[in-house]
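What's in my_file.txt: compact mmCIF, C-alpha atoms and all ligand atoms
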```
# COMPACT_ATOMS: atom_id res chain seq x y z
CA MET S 1 -28.06 126.65 123.28
CA THR S 2 -24.27 126.93 123.25
CA ASP S 3 -22.20 124.02 121.97
CA SER S 4 -20.77 121.66 124.56
CA LEU S 5 -17.05 121.70 125.23
CA ASP S 6 -16.87 118.22 123.69
CA SER S 7 -18.34 119.33 120.38
CA LEU S 8 -16.13 122.43 120.37
CA GLN S 9 -13.13 120.18 120.97
CA GLN S 10 -14.15 117.89 118.10
CA ARG S 11 -14.26 120.91 115.77
CA HIS S 12 -10.91 122.16 117.13
CA LEU S 13 -9.35 118.78 116.31
CA GLU S 14 -10.94 118.56 112.86
CA ALA S 15 -9.46 121.95 112.01
CA LEU S 16 -6.10 120.98 113.51
CA GLU S 17 -5.99 117.73 111.52
CA ALA S 18 -6.71 119.63 108.29
CA ALA S 19 -4.15 122.36 109.06
CA TYR S 20 -1.42 119.86 110.01
CA ALA S 21 -2.14 117.86 106.81
CA GLN S 22 -1.61 120.99 104.72
CA VAL S 23 1.66 121.86 106.45
CA LEU S 24 3.01 118.30 106.27
CA GLU S 25 2.08 117.91 102.60
CA ARG S 26 3.70 121.25 101.73
CA LEU S 27 6.91 120.14 103.45
CA GLY S 28 6.85 116.67 101.86
CA LEU S 29 6.45 114.85 105.18
CA ASP S 30 4.43 111.72 105.93
CA GLY S 31 3.96 112.80 109.52
CA VAL S 32 5.32 114.41 112.64
CA LEU S 33 6.11 112.80 115.99
CA ILE S 34 5.57 115.22 118.87
CA HIS S 35 7.27 114.51 122.19
CA SER S 36 5.44 115.63 125.32
CA GLY S 37 8.73 116.21 127.16
CA ARG S 38 10.71 114.82 130.06
CA PRO S 39 10.97 116.14 133.60
CA ARG S 40 14.48 117.09 134.71
CA CYS S 41 16.11 116.08 137.99
CA HIS S 42 17.99 118.61 140.08
CA PHE S 43 21.73 118.30 139.54
CA ALA S 44 23.20 115.22 141.24
CA ASP S 45 19.83 114.48 142.82
CA ASP S 46 16.94 112.10 142.18
CA GLN S 47 14.23 114.76 142.76
CA GLU S 48 12.39 116.14 139.76
CA ALA S 49 11.77 119.80 139.02
CA SER S 50 8.20 120.73 138.08
CA PHE S 51 7.19 119.88 134.53
CA ALA S 52 4.94 121.22 131.78
CA ALA S 53 4.46 119.42 128.48
CA PHE S 54 5.58 120.82 125.11
CA GLY S 55 3.11 123.34 123.69
CA HIS S 56 2.48 121.45 120.45
CA PHE S 57 1.61 118.31 122.42
CA MET S 58 -0.83 120.32 124.52
CA HIS S 59 -2.35 121.89 121.40
CA TRP S 60 -3.80 118.42 120.62
CA THR S 61 -4.30 116.92 124.06
CA GLY S 62 -4.36 119.74 126.62
CA GLN S 63 -2.32 117.44 128.91
CA ALA S 64 0.23 119.61 130.69
CA GLN S 65 1.51 116.91 133.06
CA LEU S 66 1.87 113.93 130.68
CA ALA S 67 5.60 113.19 130.45
CA HIS S 68 7.56 110.78 128.19
CA SER S 69 4.61 110.41 125.82
CA TRP S 70 4.50 110.90 122.04
CA LEU S 71 1.89 111.89 119.51
CA LEU S 72 2.13 110.78 115.89
CA VAL S 73 0.20 112.97 113.45
CA ARG S 74 -0.24 111.72 109.86
CA PRO S 75 -2.55 113.23 107.24
CA GLY S 76 -5.71 111.18 106.78
CA ARG S 77 -5.04 108.96 109.84
CA ALA S 78 -6.26 109.17 113.43
CA PRO S 79 -3.61 110.78 115.66
CA ARG S 80 -1.77 108.07 117.58
CA LEU S 81 -0.82 108.66 121.22
CA TYR S 82 2.01 106.60 122.68
CA LEU S 83 1.07 106.99 126.34
CA HIS S 84 3.89 106.46 128.81
CA ALA S 85 2.10 104.45 131.49
CA PRO S 86 4.38 101.57 132.50
CA ASP S 87 3.52 99.18 135.33
CA ASP S 88 4.99 100.91 138.38
CA PHE S 89 4.66 100.41 142.12
CA TRP S 90 6.42 103.71 142.93
CA HIS S 91 4.03 105.95 141.00
CA LEU S 92 0.45 105.83 139.79
CA PRO S 93 0.55 105.21 136.03
CA ALA S 94 -0.85 108.02 133.87
CA THR S 95 -4.55 107.95 133.06
CA LEU S 96 -6.46 109.93 130.43
CA PRO S 97 -9.38 112.28 131.11
CA GLU S 98 -12.92 111.77 129.89
CA GLU S 99 -12.60 114.25 127.02
CA ALA S 100 -13.63 114.02 123.39
CA TRP S 101 -10.09 113.83 122.05
CA VAL S 102 -9.42 110.46 123.71
CA ALA S 103 -12.02 108.63 121.60
CA ARG S 104 -10.69 110.28 118.46
CA PHE S 105 -7.12 109.08 118.99
CA GLU S 106 -5.52 105.65 118.79
CA VAL S 107 -3.88 105.12 122.17
CA GLU S 108 -1.04 102.68 122.83
CA ARG S 109 0.06 102.31 126.44
CA GLY S 110 3.57 101.27 127.35
CA ARG S 111 7.02 102.46 128.34
CA PHE S 112 8.18 105.28 126.09
CA GLU S 113 11.24 106.93 127.64
CA THR S 114 12.72 106.33 124.18
CA PRO S 115 10.76 107.15 121.01
CA PRO S 116 8.34 104.58 119.61
CA THR S 117 9.27 102.75 116.41
CA LEU S 118 7.68 104.50 113.46
CA PRO S 119 6.38 102.93 110.26
CA ALA S 120 8.45 103.49 107.10
CA GLY S 121 8.19 107.03 105.73
CA ARG S 122 9.45 110.60 106.10
CA PHE S 123 8.76 111.73 109.63
CA ALA S 124 9.94 114.78 111.53
CA VAL S 125 10.38 114.75 115.31
CA ILE S 126 9.69 117.82 117.42
CA GLY S 127 10.04 118.49 121.12
CA ASP S 128 12.63 118.07 123.86
CA VAL S 129 14.68 115.34 122.14
CA ASP S 130 18.42 115.05 121.50
CA ALA S 131 18.36 114.02 117.81
CA ALA S 132 20.36 116.43 115.61
CA ASP S 133 17.59 116.60 112.99
CA ALA S 134 14.80 117.23 115.50
CA ASN S 135 12.75 120.44 115.41
CA PRO S 136 13.23 121.45 111.75
CA PRO S 137 12.78 125.24 111.88
CA GLY S 138 10.42 125.50 108.88
CA LEU S 139 8.05 122.93 110.37
CA VAL S 140 8.18 124.37 113.88
CA ALA S 141 7.49 127.89 112.56
CA ALA S 142 4.49 126.63 110.55
CA LEU S 143 3.08 124.73 113.54
CA ASN S 144 3.67 127.74 115.82
CA GLU S 145 1.60 129.81 113.42
CA LEU S 146 -1.30 127.36 113.83
CA ARG S 147 -1.38 128.32 117.53
CA VAL S 148 -1.70 132.08 116.98
CA CYS S 149 -5.44 132.31 116.27
CA LYS S 150 -7.48 130.32 118.72
CA SER S 151 -10.46 128.07 117.96
CA GLU S 152 -13.75 128.52 119.81
CA TYR S 153 -12.73 125.55 121.94
CA GLU S 154 -9.46 127.16 122.96
CA MET S 155 -11.21 130.40 123.84
CA ALA S 156 -13.72 128.50 125.99
CA CYS S 157 -10.81 126.88 127.85
CA ILE S 158 -9.07 130.22 128.41
CA ALA S 159 -12.37 131.75 129.59
CA GLU S 160 -12.81 128.90 132.09
CA ALA S 161 -9.19 129.27 133.27
CA ASN S 162 -9.98 132.96 133.82
CA ARG S 163 -13.14 132.19 135.79
CA ARG S 164 -11.25 129.86 138.11
CA ALA S 165 -8.28 132.23 138.47
CA LEU S 166 -10.65 135.03 139.45
CA GLN S 167 -11.95 132.94 142.35
CA GLY S 168 -8.35 132.79 143.54
CA HIS S 169 -7.92 136.54 143.12
CA ALA S 170 -11.04 137.16 145.20
CA ALA S 171 -9.58 134.93 147.95
CA ALA S 172 -6.23 136.73 147.71
CA ARG S 173 -7.95 140.05 148.27
CA ARG S 174 -9.87 138.73 151.28
CA CYS S 175 -6.62 137.40 152.71
CA LEU S 176 -4.99 140.83 152.30
CA LEU S 177 -7.89 142.44 154.18
CA ASP S 178 -7.53 139.79 156.91
CA GLY S 179 -3.87 140.73 157.36
CA GLY S 180 -2.30 137.70 155.65
CA ALA S 181 1.36 137.44 154.70
CA GLU S 182 2.41 136.83 151.07
CA LEU S 183 2.58 133.09 151.78
CA ASP S 184 -0.95 133.08 153.28
CA ILE S 185 -2.19 134.90 150.19
CA GLN S 186 -0.54 132.36 147.88
CA LEU S 187 -2.05 129.47 149.86
CA ALA S 188 -5.49 131.12 149.84
CA TYR S 189 -5.19 131.61 146.08
CA LEU S 190 -4.19 128.00 145.45
CA GLY S 191 -6.81 126.57 147.79
CA THR S 192 -9.71 128.58 146.42
CA SER S 193 -8.75 128.11 142.77
CA ARG S 194 -8.04 124.39 143.45
CA GLN S 195 -4.51 124.14 142.07
CA ARG S 196 -1.20 122.67 143.10
CA GLU S 197 1.72 125.04 142.76
CA ASN S 198 3.38 122.84 140.11
CA GLU S 199 0.26 123.00 137.92
CA LEU S 200 0.27 126.79 137.64
CA PRO S 201 1.04 128.18 134.18
CA TYR S 202 3.71 130.41 135.79
CA ALA S 203 4.95 131.08 139.31
CA ASN S 204 2.37 133.35 140.95
CA ILE S 205 3.67 136.82 141.78
CA ILE S 206 2.37 137.89 145.19
CA GLY S 207 4.10 141.16 146.04
CA ALA S 208 3.29 143.18 149.14
CA ASN S 209 4.54 146.76 149.39
CA ALA S 210 7.88 147.32 147.57
CA HIS S 211 7.82 143.72 146.28
CA GLY S 212 5.09 144.81 143.86
CA GLY S 213 7.80 146.77 142.04
CA VAL S 214 9.87 143.64 141.33
CA LEU S 215 8.34 142.58 138.04
CA HIS S 216 8.76 138.82 138.51
CA TYR S 217 9.02 138.79 142.31
CA GLN S 218 9.59 135.15 143.22
CA HIS S 219 9.34 134.78 147.03
CA TYR S 220 6.52 134.61 149.56
CA ASP S 221 7.23 136.31 152.87
CA ARG S 222 5.98 134.30 155.83
CA GLN S 223 5.37 137.41 157.95
CA ALA S 224 2.78 140.04 157.06
CA PRO S 225 4.35 143.49 156.71
CA VAL S 226 3.86 145.82 159.67
CA ARG S 227 2.46 148.50 157.36
CA ARG S 228 0.17 147.15 154.65
CA ARG S 229 0.45 149.65 151.84
CA SER S 230 -0.21 147.57 148.72
CA LEU S 231 -0.56 144.13 147.21
CA LEU S 232 0.09 143.08 143.60
CA VAL S 233 -1.14 139.61 142.61
CA ASP S 234 -0.26 138.24 139.16
CA ALA S 235 -1.66 134.72 139.25
CA GLY S 236 -3.09 132.30 136.74
CA HIS S 237 -4.73 128.96 136.10
CA ARG S 238 -4.57 126.22 133.53
CA GLN S 239 -7.71 124.64 132.09
CA ARG S 240 -7.21 121.70 129.68
CA GLY S 241 -3.74 123.11 129.03
CA TYR S 242 -4.88 126.70 128.40
CA CYS S 243 -3.68 129.53 130.59
CA ALA S 244 -5.14 132.51 132.39
CA ASP S 245 -2.74 135.36 133.26
CA ILE S 246 -4.43 137.95 135.46
CA THR S 247 -3.03 140.75 137.61
CA ARG S 248 -4.78 142.89 140.18
CA THR S 249 -3.34 145.51 142.54
CA TRP S 250 -4.96 146.70 145.75
CA ALA S 251 -4.24 149.50 148.17
CA GLY S 252 -3.79 148.31 151.75
CA PRO S 253 -5.08 150.09 154.87
CA ASP S 254 -1.76 151.98 155.22
CA ALA S 255 -1.55 153.17 151.61
CA ASP S 256 -0.53 156.72 150.80
CA PRO S 257 -3.54 158.76 149.53
CA ALA S 258 -1.76 159.12 146.16
CA PHE S 259 -1.81 155.35 145.53
CA GLN S 260 -5.50 154.51 144.94
CA PRO S 261 -5.96 157.24 142.28
CA LEU S 262 -2.98 155.76 140.44
CA ILE S 263 -4.57 152.26 140.62
CA ASP S 264 -7.78 153.77 139.23
CA GLY S 265 -5.76 155.50 136.51
CA VAL S 266 -3.95 152.32 135.43
CA THR S 267 -7.28 150.45 135.46
CA ALA S 268 -8.75 153.13 133.17
CA ILE S 269 -5.73 152.80 130.85
CA LYS S 270 -6.31 149.04 130.70
CA GLU S 271 -9.95 149.69 129.75
CA ARG S 272 -9.00 152.26 127.08
CA LEU S 273 -6.45 149.96 125.48
CA ALA S 274 -8.74 146.93 125.67
CA ALA S 275 -11.41 148.95 123.85
CA ALA S 276 -8.88 149.74 121.10
CA LEU S 277 -8.25 146.07 120.26
CA ALA S 278 -9.47 145.14 116.78
CA PRO S 279 -8.30 143.27 113.71
CA GLY S 280 -5.75 145.27 111.74
CA VAL S 281 -4.47 147.18 114.79
CA GLU S 282 -0.68 147.14 115.26
CA PHE S 283 0.12 146.05 118.82
CA VAL S 284 3.26 148.22 118.75
CA VAL S 285 0.98 151.26 118.26
CA LEU S 286 -0.98 150.25 121.38
CA GLN S 287 2.30 149.94 123.29
CA GLU S 288 3.13 153.53 122.32
CA ARG S 289 -0.40 154.60 123.24
CA MET S 290 0.07 153.03 126.68
CA HIS S 291 3.08 155.29 127.24
CA GLN S 292 1.13 158.40 126.18
CA LEU S 293 -1.66 157.47 128.60
CA LEU S 294 0.82 156.76 131.40
CA GLY S 295 2.41 160.17 130.73
CA ALA S 296 -1.01 161.82 131.02
CA LEU S 297 -1.76 159.92 134.25
CA LEU S 298 1.55 160.97 135.82
CA VAL S 299 0.81 164.59 134.92
CA ASP S 300 -2.84 164.43 136.12
CA GLN S 301 -1.77 163.00 139.47
CA GLY S 302 0.99 165.57 139.93
CA VAL S 303 3.82 163.03 139.87
CA VAL S 304 5.47 164.85 136.98
CA ARG S 305 5.16 168.48 135.93
CA CYS S 306 6.20 168.29 132.24
CA THR S 307 3.81 167.54 129.39
CA PRO S 308 2.75 163.92 128.81
CA GLU S 309 4.63 164.06 125.48
CA ALA S 310 7.84 165.18 127.21
CA ALA S 311 7.44 162.42 129.82
CA VAL S 312 7.31 159.87 126.99
CA GLU S 313 10.06 161.39 124.82
CA SER S 314 12.51 161.76 127.70
CA GLY S 315 12.12 158.08 128.63
CA LEU S 316 10.46 158.84 131.96
CA THR S 317 7.36 156.72 131.29
CA ARG S 318 9.64 153.80 130.36
CA ALA S 319 11.39 154.15 133.72
CA PHE S 320 7.96 153.87 135.37
CA CYS S 321 6.89 150.96 133.11
CA PRO S 322 9.71 148.91 131.58
CA HIS S 323 7.66 145.93 130.36
CA GLY S 324 5.46 145.39 127.33
CA LEU S 325 1.74 146.03 127.13
CA GLY S 326 0.96 142.35 126.58
CA HIS S 327 1.56 139.11 124.76
CA LEU S 328 -0.20 136.22 123.05
CA LEU S 329 -1.79 133.74 125.44
CA GLY S 330 -2.54 130.05 124.86
CA VAL S 331 -1.09 126.76 126.08
CA GLN S 332 1.94 128.82 127.09
CA VAL S 333 1.49 131.96 129.09
CA HIS S 334 3.81 133.81 126.71
CA ASP S 335 2.58 132.01 123.63
CA VAL S 336 4.67 131.41 120.53
CA ALA S 337 4.97 133.52 117.38
CA GLY S 338 4.40 136.91 118.97
CA ARG S 339 7.39 138.45 117.20
CA VAL S 340 7.01 137.06 113.68
CA ASP S 341 4.47 137.73 110.95
CA ALA S 342 2.20 135.07 109.47
CA THR S 343 4.96 133.99 107.05
CA GLY S 344 7.52 133.58 109.85
CA ARG S 345 9.39 136.82 109.05
CA PRO S 346 10.89 138.27 112.26
CA LEU S 347 9.19 141.35 113.71
CA PRO S 348 11.66 142.52 116.36
CA PRO S 349 10.38 144.92 119.00
CA PRO S 350 11.19 148.62 118.60
CA GLN S 351 14.47 149.67 120.20
CA ALA S 352 12.62 151.74 122.79
CA HIS S 353 10.50 148.74 123.86
CA PRO S 354 12.82 145.72 123.94
CA ALA S 355 10.59 143.80 126.38
CA LEU S 356 7.52 143.89 124.12
CA ARG S 357 6.58 140.28 123.34
CA LEU S 358 3.91 140.98 120.74
CA THR S 359 4.73 142.99 117.61
CA ARG S 360 2.13 141.60 115.20
CA THR S 361 -0.89 143.08 113.52
CA LEU S 362 -3.93 141.87 115.45
CA ALA S 363 -6.25 139.33 113.80
CA PRO S 364 -9.53 137.70 114.87
CA GLY S 365 -8.90 134.72 117.13
CA MET S 366 -5.75 136.04 118.79
CA VAL S 367 -5.96 136.01 122.58
CA VAL S 368 -3.79 138.67 124.16
CA THR S 369 -3.12 140.15 127.56
CA ILE S 370 -3.47 143.86 128.19
CA GLU S 371 -1.35 144.71 131.22
CA PRO S 372 -0.34 148.33 131.71
CA GLY S 373 1.82 148.99 134.75
CA LEU S 374 3.31 151.80 136.79
CA TYR S 375 6.10 151.09 139.26
CA VAL S 376 8.65 152.83 141.45
CA ILE S 377 11.81 150.90 140.52
CA PRO S 378 14.74 152.77 142.08
CA MET S 379 17.40 151.53 139.62
CA LEU S 380 15.35 152.74 136.63
CA LEU S 381 14.46 156.11 138.17
CA ALA S 382 18.02 156.83 139.35
CA PRO S 383 19.18 158.31 136.00
CA HIS S 384 16.23 160.78 136.15
CA ARG S 385 16.87 161.95 139.73
CA GLY S 386 18.34 165.27 138.61
CA ARG S 387 15.11 166.36 136.94
CA ASP S 388 13.13 169.15 138.56
CA ASP S 389 9.92 168.33 136.68
CA VAL S 390 9.32 165.23 138.82
CA ASP S 391 7.77 165.45 142.29
CA TRP S 392 10.36 163.25 143.98
CA GLY S 393 8.56 163.68 147.30
CA VAL S 394 5.52 161.80 145.94
CA VAL S 395 7.74 159.24 144.19
CA ASP S 396 9.58 158.54 147.42
CA ARG S 397 6.30 158.23 149.36
CA LEU S 398 5.10 155.71 146.76
CA ALA S 399 8.34 153.69 146.75
CA ASP S 400 7.18 151.36 149.53
CA HIS S 401 4.04 150.56 147.47
CA GLY S 402 6.15 148.94 144.74
CA GLY S 403 3.88 149.27 141.80
CA ILE S 404 0.65 148.70 139.99
CA ARG S 405 -0.23 146.27 137.22
CA ILE S 406 -3.73 145.53 135.96
CA GLU S 407 -3.95 142.63 133.51
CA ASP S 408 -6.89 141.12 131.62
CA ASN S 409 -7.08 138.47 128.89
CA LEU S 410 -8.95 139.40 125.71
CA ALA S 411 -9.94 137.62 122.50
CA VAL S 412 -9.77 139.65 119.30
CA THR S 413 -13.04 139.25 117.38
CA ALA S 414 -14.14 140.25 113.87
CA GLU S 415 -15.38 143.62 115.18
CA GLY S 416 -13.21 144.35 118.21
CA ALA S 417 -12.45 142.26 121.25
CA HIS S 418 -14.15 140.23 123.94
CA ASN S 419 -12.86 140.38 127.51
CA LEU S 420 -12.39 136.84 128.88
CA THR S 421 -11.55 138.08 132.39
CA PRO S 422 -14.69 138.39 134.51
CA VAL S 423 -15.16 141.35 136.82
CA LEU S 424 -13.88 140.66 140.33
CA PRO S 425 -16.76 140.89 142.81
CA ASP S 426 -16.36 143.44 145.64
N1 LIG M 1 2.56 136.67 134.48
C1 LIG M 1 3.54 137.02 133.53
C2 LIG M 1 3.05 138.07 132.63
O1 LIG M 1 2.16 138.81 132.97
O2 LIG M 1 3.45 138.19 131.51
MN MN M 2 0.72 138.27 134.39
MN MN M 3 1.02 138.67 131.09
```
Go through the file and emit its structure as C-alpha cells.
Amino acid sequence: MTDSLDSLQQRHLEALEAAYAQVLERLGLDGVLIHSGRPRCHFADDQEASFAAFGHFMHWTGQAQLAHSWLLVRPGRAPRLYLHAPDDFWHLPATLPEEAWVARFEVERGRFETPPTLPAGRFAVIGDVDAADANPPGLVAALNELRVCKSEYEMACIAEANRRALQGHAAARRCLLDGGAELDIQLAYLGTSRQRENELPYANIIGANAHGGVLHYQHYDRQAPVRRRSLLVDAGHRQRGYCADITRTWAGPDADPAFQPLIDGVTAIKERLAAALAPGVEFVVLQERMHQLLGALLVDQGVVRCTPEAAVESGLTRAFCPHGLGHLLGVQVHDVAGRVDATGRPLPPPQAHPALRLTRTLAPGMVVTIEPGLYVIPMLLAPHRGRDDVDWGVVDRLADHGGIRIEDNLAVTAEGAHNLTPVLPD
C-alpha cells in the first residue's frame, strides 16, 4: 500500500524542520520569520492584482493564496503560523485546509499586516518586507537549496497537479476540434481542470496559428481563426502549492502537411531527452543535445539542406528555438537555484544559451521540465534569410502555424527519471 499524502507530508515536514535547524544553527540564528507576502493594488486604485505567496512560505504550508501571514521557524520548536484572519464583513476571513501540517503547527489568528512581535533572540526575516536587513543572502541561498531536491510528498503533489492539468489539456484539445476560439479554449481548460485564472501557477499560453510562435503569448482571441492550422497550449495547475507546467501542440484541420511530422519530431526529441535524464548528467549538455536533435529534424524534414552540425554551429537551430530545454519545477514554476551549484556558486548559462534556466548537474529528487521547441519567429530568422541551404518556401508555409513546444515534468531518480506527466488520452 502506498503512504497517504498526510504521512508523506509529515515526513516532508520532519525533514524540513531538521534541515532548517541545521542552516539556522550554522548561521547562528535562533529562528527565521517567513512572510507569506502582500497583494499589490493597481496604481492609484483600490483593486488588487492577483497574488501568490512567497515560495519559502509555501514550502511549509502549500498555501499559495494566504496573504499577510507569517511563519516563525525555530529549531526544536513547533513552527508557529501567524494567520492573518481579522474579523471582516467585506471579505471571508482565511481558513486553513484539513491537512497534516495544520495539526503540527501552532496557529495564532489575528491581524498581521505588520509583523508579529517576536520573543527575544536573533531572528532573520525573509519575504516581501521593507526592512533593510531582511532577506540575508546567505540564509536565502541556503533555504533555496533546500527546495532543489523534492521530498516524496512534493513529488506526489506535482504528480497530482500534472494529472489535473492533463484533464484541462484534454478539454483544450476537444475545444480546438469543436472550432473554439483561444478564449473558449482557455475557459474549457479552466472549467475542466477546476481552477480560477488567478490560481494558475503562470498565465496559460493558448496560441492559435502564428500566436504559437510568441513564446509567452498573453492574449486570448475571442474569435476562432478562419483557418485552423495549429494550437499550442502551455497550461498548468497548482496542487497544495506545487506546480505543473505542461505544453502540447496540435495540428488543426487546415495545417500544412509539413506540420504534423514536425510535431512528431519534437515529441520524439522530448522522449529522447527525457530518457537521458539521470543523476550526474549536466543539463547544459542536454541543452546542446537538443540543438543537435533539432538540427537533425530540420534536415530530415527538408527544412534545411546543410548538415545538422552546420545548422547548430551557424546558429540556425537557435533561431528556430531560442529558449532553454527546461528548468527546475516546484512551488514556483521556474523554481529557485537553477543557476547555482549546491554551495551557492553561480553557474551562469553558456553565452550561446542565455535563456537556459537550469545549468546544474542533475541529482535525484530534482523535478525538471523537458520542453524542446521549434518555431517560426520572423525576427530571429531574418538574419538567416540570405542562406540558400534553407527551404524558405516551407518556412514561409509554416509561419502561420507559429510553432511547436512539447513539455513534460520529470523527477530525477537514483537510476534515471520518472515522468510525472500522464499520457494524454486520444
Ligand atoms: N510555462 C512557462 C515555461 O514553460 O517555462
Ligand atoms: Mn510551460
Ligand atoms: Mn516550462
Provide the atom CA of His323 of chain S to atom CA of Pro372 of chain S distance in Å, to one decimal place.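 Separation of atom CA of His323 of chain S and atom CA of Pro372 of chain S: 8.5 Å.
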Protein, DNA and RNA residues within 7 Å of (-5.5, 143.3, 114.2), all atoms listed in the file, as a list in words: Ala278, Pro279, Gly280, Val281, Glu282, Thr361, Leu362, Ala363 and Pro364 of chain S
Residue nearest Met379 of chain S among S:Pro350, S:Gly213, S:Gly241, S:Gly295 (counting all atoms listed in the file):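 Among the listed residues, S:Gly213 lies closest to Met379 of chain S.
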Considering all atoms listed in the file, state which residue in the set S:Leu329, S:Leu424, S:Leu81, S:Ala275 is at the smallest distance from ligand MN 2 (chain M).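 Looking at the shortest contact to ligand MN 2 (chain M), the residue is S:Leu329.
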Answer as a VMD selection string, residues within 12 Å of (-7.8, 149.8, 139.9) using all atoms listed in the file: chain S and resid 230 to 232 247 to 251 259 to 271 371 to 374 403 to 407 423 to 424
Residues near Pro346 of chain S, anyone? I mean within 12 Å using only C-alpha atoms, not counting same-chain ones fewer than 2 positions away, as a PyMOL selection string. chain S and resi 141+337-344+348-349+358-360
Contact table chain S vs ligand MN 3 (chain M), cut-off 6 Å, shortest pair per residue, all atoms listed in the file, as JSON lines:
```
{"residue": "S:Asp245", "atom": "CA", "partner": "M:MN3", "partner_atom": "MN", "distance": 5.5}
{"residue": "S:Gly326", "atom": "CA", "partner": "M:MN3", "partner_atom": "MN", "distance": 5.8}
{"residue": "S:Thr369", "atom": "CA", "partner": "M:MN3", "partner_atom": "MN", "distance": 5.6}
```
Based on the selection just made, write C-alpha atoms of those residues as a CSV table (one decimal), in the frame of the given file.
```csv
chain,number,residue,atom,x,y,z
S,245,ASP,CA,-2.7,135.4,133.3
S,326,GLY,CA,1.0,142.4,126.6
S,369,THR,CA,-3.1,140.2,127.6
```
Show which residues sit within 12 Å of Thr114 of chain S, as a PyMOL selection string. Count all atoms listed in the file, and ignore same-chain residues fewer than 6 positions away. chain S and resi 35-38+67-70+82-84+128-131
Within 7 Å of ligand LIG 1 (chain M), which residues of chain S show up? Give each one with its shortest atom-to-atom distance in Å (one decimal) and the two atoms involved, counting only C-alpha atoms and all ligand atoms, rows by chain then rising residue number, as a Markdown table.
```
| residue | atom | partner | partner_atom | distance |
| --- | --- | --- | --- | --- |
| S:Tyr202 | CA | M:LIG1 | N1 | 6.5 |
| S:Asp234 | CA | M:LIG1 | N1 | 5.7 |
| S:Ala235 | CA | M:LIG1 | N1 | 6.7 |
| S:Asp245 | CA | M:LIG1 | N1 | 5.6 |
| S:Gly326 | CA | M:LIG1 | O2 | 6.9 |
| S:Val333 | CA | M:LIG1 | O2 | 7.0 |
| S:His334 | CA | M:LIG1 | O2 | 6.5 |
```
May I have the selected residues written with C-alpha atoms, as a CSV table (one decimal), in the frame of the given file?
```csv
chain,number,residue,atom,x,y,z
S,202,TYR,CA,3.7,130.4,135.8
S,234,ASP,CA,-0.3,138.2,139.2
S,235,ALA,CA,-1.7,134.7,139.2
S,245,ASP,CA,-2.7,135.4,133.3
S,326,GLY,CA,1.0,142.4,126.6
S,333,VAL,CA,1.5,132.0,129.1
S,334,HIS,CA,3.8,133.8,126.7
```
Identify which of the residues S:Leu293, S:Ala382, S:Ala165, S:Leu316 lies closest to ligand MN 2 (chain M), counting all atoms listed in the file when measuring atom-to-atom distances.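 Checking each of S:Leu293, S:Ala382, S:Ala165, S:Leu316 against ligand MN 2 (chain M), counting all atoms listed in the file, the winner is S:Ala165.
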Excluding same-chain residues fewer than 5 positions from Glu99 of chain S, what lies within 10 Å of it counting only C-alpha atoms, as a ChimeraX atom specification? /S:5-6,9-10,61-62,104,240
